[in-house]
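S.K.: What follows is entry.tsv, made up of TSV, C-alpha atoms:
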chain	number	residue	atom	x	y	z
A	17	MET	CA	34.00	2.73	-11.36
A	18	SER	CA	33.11	-0.50	-9.56
A	19	VAL	CA	29.56	-1.13	-8.41
A	20	VAL	CA	28.32	-3.14	-5.46
A	21	LYS	CA	25.05	-5.04	-5.44
A	22	ILE	CA	23.69	-6.29	-2.14
A	23	ASN	CA	20.77	-8.67	-2.27
A	24	VAL	CA	18.95	-8.45	1.07
A	25	LEU	CA	17.27	-11.78	1.79
A	26	THR	CA	14.73	-12.45	4.53
A	27	VAL	CA	15.37	-16.03	5.60
A	28	PRO	CA	13.30	-17.78	8.29
A	29	ALA	CA	15.41	-19.64	10.87
A	30	GLU	CA	14.27	-23.04	9.57
A	31	GLN	CA	15.51	-22.19	6.06
A	32	ARG	CA	19.00	-20.87	6.93
A	33	GLU	CA	20.78	-24.18	6.46
A	34	GLU	CA	19.02	-24.74	3.13
A	35	LEU	CA	19.94	-21.27	1.84
A	36	GLU	CA	23.59	-21.74	2.76
A	37	LYS	CA	23.64	-25.21	1.18
A	38	ARG	CA	22.24	-23.83	-2.08
A	39	PHE	CA	24.83	-21.05	-2.21
A	40	ALA	CA	27.62	-23.55	-1.45
A	41	SER	CA	26.48	-25.85	-4.26
A	42	ARG	CA	26.96	-23.09	-6.82
A	43	ALA	CA	29.77	-21.26	-5.04
A	44	HIS	CA	31.92	-20.73	-8.12
A	45	ALA	CA	29.16	-20.01	-10.64
A	46	VAL	CA	29.71	-16.25	-10.63
A	47	GLU	CA	33.53	-16.19	-10.53
A	48	GLY	CA	34.03	-16.63	-14.27
A	49	SER	CA	31.63	-13.87	-15.24
A	50	ASP	CA	33.10	-10.94	-17.13
A	51	GLY	CA	33.46	-7.95	-14.82
A	52	PHE	CA	32.98	-9.93	-11.59
A	53	GLU	CA	35.22	-8.74	-8.74
A	54	TRP	CA	33.97	-10.12	-5.40
A	55	PHE	CA	31.29	-12.20	-3.63
A	56	GLU	CA	30.35	-12.73	0.02
A	57	LEU	CA	27.34	-14.39	1.67
A	58	LEU	CA	26.82	-12.72	5.05
A	59	ARG	CA	24.93	-14.64	7.77
A	60	PRO	CA	23.17	-12.62	10.48
A	61	VAL	CA	24.64	-13.06	13.95
A	62	GLU	CA	21.79	-11.84	16.11
A	63	GLY	CA	18.60	-9.81	16.09
A	64	THR	CA	17.61	-10.29	12.45
A	65	ASP	CA	16.62	-12.89	9.87
A	66	THR	CA	18.32	-10.95	7.07
A	67	TYR	CA	21.16	-12.39	5.01
A	68	LEU	CA	23.21	-10.13	2.73
A	69	VAL	CA	24.57	-11.35	-0.60
A	70	TYR	CA	27.40	-8.96	-1.51
A	71	THR	CA	28.74	-8.84	-5.06
A	72	ARG	CA	31.10	-6.33	-6.60
A	73	TRP	CA	31.36	-5.69	-10.35
A	74	ARG	CA	33.61	-3.70	-12.68
A	75	ASP	CA	30.55	-1.75	-13.89
A	76	GLU	CA	26.76	-1.82	-14.12
A	77	GLU	CA	26.86	-3.41	-17.58
A	78	SER	CA	28.80	-6.44	-16.26
A	79	PHE	CA	26.25	-6.95	-13.50
A	80	ARG	CA	23.32	-6.69	-15.92
A	81	ALA	CA	24.92	-9.18	-18.33
A	82	TRP	CA	25.30	-11.67	-15.49
A	83	MET	CA	21.71	-11.09	-14.35
A	84	GLU	CA	20.34	-11.70	-17.86
A	85	GLY	CA	22.56	-14.71	-18.53
A	86	PRO	CA	23.96	-17.05	-15.86
A	87	MET	CA	21.88	-15.71	-12.96
A	88	LYS	CA	18.61	-15.95	-14.86
A	89	ALA	CA	19.41	-19.52	-15.95
A	90	ALA	CA	20.28	-20.54	-12.37
A	91	HIS	CA	17.02	-19.18	-11.00
A	92	GLN	CA	14.91	-20.84	-13.69
A	93	GLY	CA	15.93	-24.05	-12.00
A	94	THR	CA	17.99	-26.89	-13.25
A	95	GLY	CA	17.77	-28.61	-9.87
A	96	GLU	CA	14.53	-30.30	-8.96
A	97	ALA	CA	13.05	-31.55	-5.73
A	98	ALA	CA	11.62	-35.03	-5.30
A	99	GLY	CA	8.67	-35.57	-7.60
A	100	GLY	CA	10.11	-33.41	-10.39
A	101	GLU	CA	9.18	-30.08	-8.80
A	102	ARG	CA	11.44	-27.05	-8.48
A	103	PRO	CA	12.59	-26.48	-4.89
A	104	ARG	CA	10.83	-23.72	-3.00
A	105	PRO	CA	12.76	-20.50	-2.36
A	106	ALA	CA	14.67	-20.50	0.93
A	107	ALA	CA	14.14	-16.75	1.33
A	108	SER	CA	10.72	-15.24	1.97
A	109	GLY	CA	11.67	-11.80	0.66
A	110	SER	CA	14.37	-10.08	-1.38
A	111	THR	CA	15.48	-6.49	-2.00
A	112	LEU	CA	18.40	-5.34	-4.17
A	113	TRP	CA	20.58	-2.45	-3.00
A	114	SER	CA	22.96	-0.75	-5.45
A	115	PHE	CA	26.07	1.31	-4.68
A	116	GLU	CA	29.02	2.88	-6.49
A	117	VAL	CA	32.44	2.44	-4.90
A	118	VAL	CA	33.80	5.94	-4.21
A	119	GLN	CA	36.56	4.99	-1.73
A	120	GLN	CA	38.27	1.77	-0.79
A	121	ALA	CA	41.10	0.53	1.39
A	122	GLY	CA	42.81	-2.79	1.80
A	123	PRO	CA	45.27	-4.26	4.28
A	124	LYS	CA	48.60	-2.43	4.54
A	125	GLY	CA	51.01	-3.69	1.91
A	126	ALA	CA	48.31	-5.26	-0.26
A	127	GLN	CA	48.06	-2.26	-2.60
A	128	GLU	CA	51.79	-1.51	-2.95
In structure tokens, what does this structure look like?
M.R.:
Amino acid sequence: MSVVKINVLTVPAEQREELEKRFASRAHAVEGSDGFEWFELLRPVEGTDTYLVYTRWRDEESFRAWMEGPMKAAHQGTGEAAGGERPRPAASGSTLWSFEVVQQAGPKGAQE
């Protein structure tokens, strides 16, 4: 059964562009991970400073393997800001939501 992980990020208005730039610079980093199924970065339209990072995985084990491997390495920082320092986080808060996929639908004809 597929699982969905949604990382809920609080991003101040002045950091939105930076957050999106960072995601774009590593856009394909997750795609080759075993068990990876889908990714979306959702930008708030109005009334909130909350971005949603949606990922879908074959199972919980695949997600955990990615978190302990490639994701952990990416967040330990290979990129550095001027002066040799790691860049500051673009988000001021983060919460992880977890779901199991119990029903799904796609566009007509896509599943035939």
S.K.: Closest to Glu77 of chain A among A:Ala45, A:Val19, A:Val118, A:Val24, using all atoms listed in the file?
M.R.: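 Looking only at the distances to Glu77 of chain A, the closest residue turns out to be A:Val19.
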S.K.: Which of these residues is nearest to Asn23 of chain A, using all atoms listed in the file: A:Ala81, A:Leu57, A:Ala121, A:Ala106?
M.R.: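 Checking each candidate against Asn23 of chain A, we get A:Leu57 as the closest.
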S.K.: Determine, counting all atoms listed in the file, which protein, DNA and RNA residues have an atom within 12 Å of an atom of Pro60 of chain A; residues of the same chain fewer than 3 positions away are not included. Present the result as an MDAnalysis selection string.
M.R.: chainID A and resid 24:29 32 36 57 63:69
S.K.: To one decimal in Å, tell me the separation between atom CA of Gln120 of chain A and atom CA of Glu76 of chain A.
M.R.: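 Interatomic distance, atom CA of Gln120 of chain A to atom CA of Glu76 of chain A: 18.0 Å.
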S.K.: Using all atoms listed in the file, which residue out of A:Glu116, A:Asp50, A:Glu62, A:Glu84 lies closest to Met17 of chain A?
M.R.: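 Of all the options, A:Glu116 lies closest to Met17 of chain A.
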S.K.: Any idea what's packed within 12 Å of Glu47 of chain A, counting only C-alpha atoms, ignoring anything in its chain fewer than 6 positions away? Could you give it as a ChimeraX atom specification?
M.R.: /A:53-56,71-73,82,86-87
S.K.: Just how far from atom CA of Tyr70 of chain A is atom CA of Leu112 of chain A, in Å to one decimal?
M.R.: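 According to the coordinates, atom CA of Leu112 of chain A and atom CA of Tyr70 of chain A are separated by 10.1 Å.
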S.K.: With distances taken over all atoms listed in the file, which of A:Lys124, A:Val117, A:Arg104, A:Ser110 is nearest to Arg38 of chain A?
M.R.: A:Arg104
S.K.: Give me, please, the distance in Å between atom CA of Pro123 of chain A and atom CA of Ser49 of chain A, quoted to one decimal.
M.R.: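 Spanning atom CA of Pro123 of chain A to atom CA of Ser49 of chain A is a straight-line distance of 25.7 Å.
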S.K.: Between A:Gly51, A:Gly125, A:Lys37, A:Glu30, which is the closest to Asp75 of chain A once you count only C-alpha atoms?
M.R.: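 Between A:Gly51, A:Gly125, A:Lys37, A:Glu30, the residue approaching Asp75 of chain A most closely is A:Gly51.
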S.K.: Box in all listed atoms of segment 110-124 of chain A, axis-aligned, with 3 Å more on each side; write out centre and edge lengths in Å to one decimal as lines of an AutoDock Vina configuration file.
M.R.:
center_x = 31.5
center_y = -2.1
center_z = -1.0
size_x = 40.2
size_y = 22.0
size_z = 17.0
S.K.: List the neighbours of Pro105 of chain A out to 10 Å using only C-alpha atoms; skip same-chain residues closer than 2 positions along the sequence, and give me the result as an MDAnalysis selection string.
M.R.: chainID A and resid 27 31 34:35 91 102:103 107:109
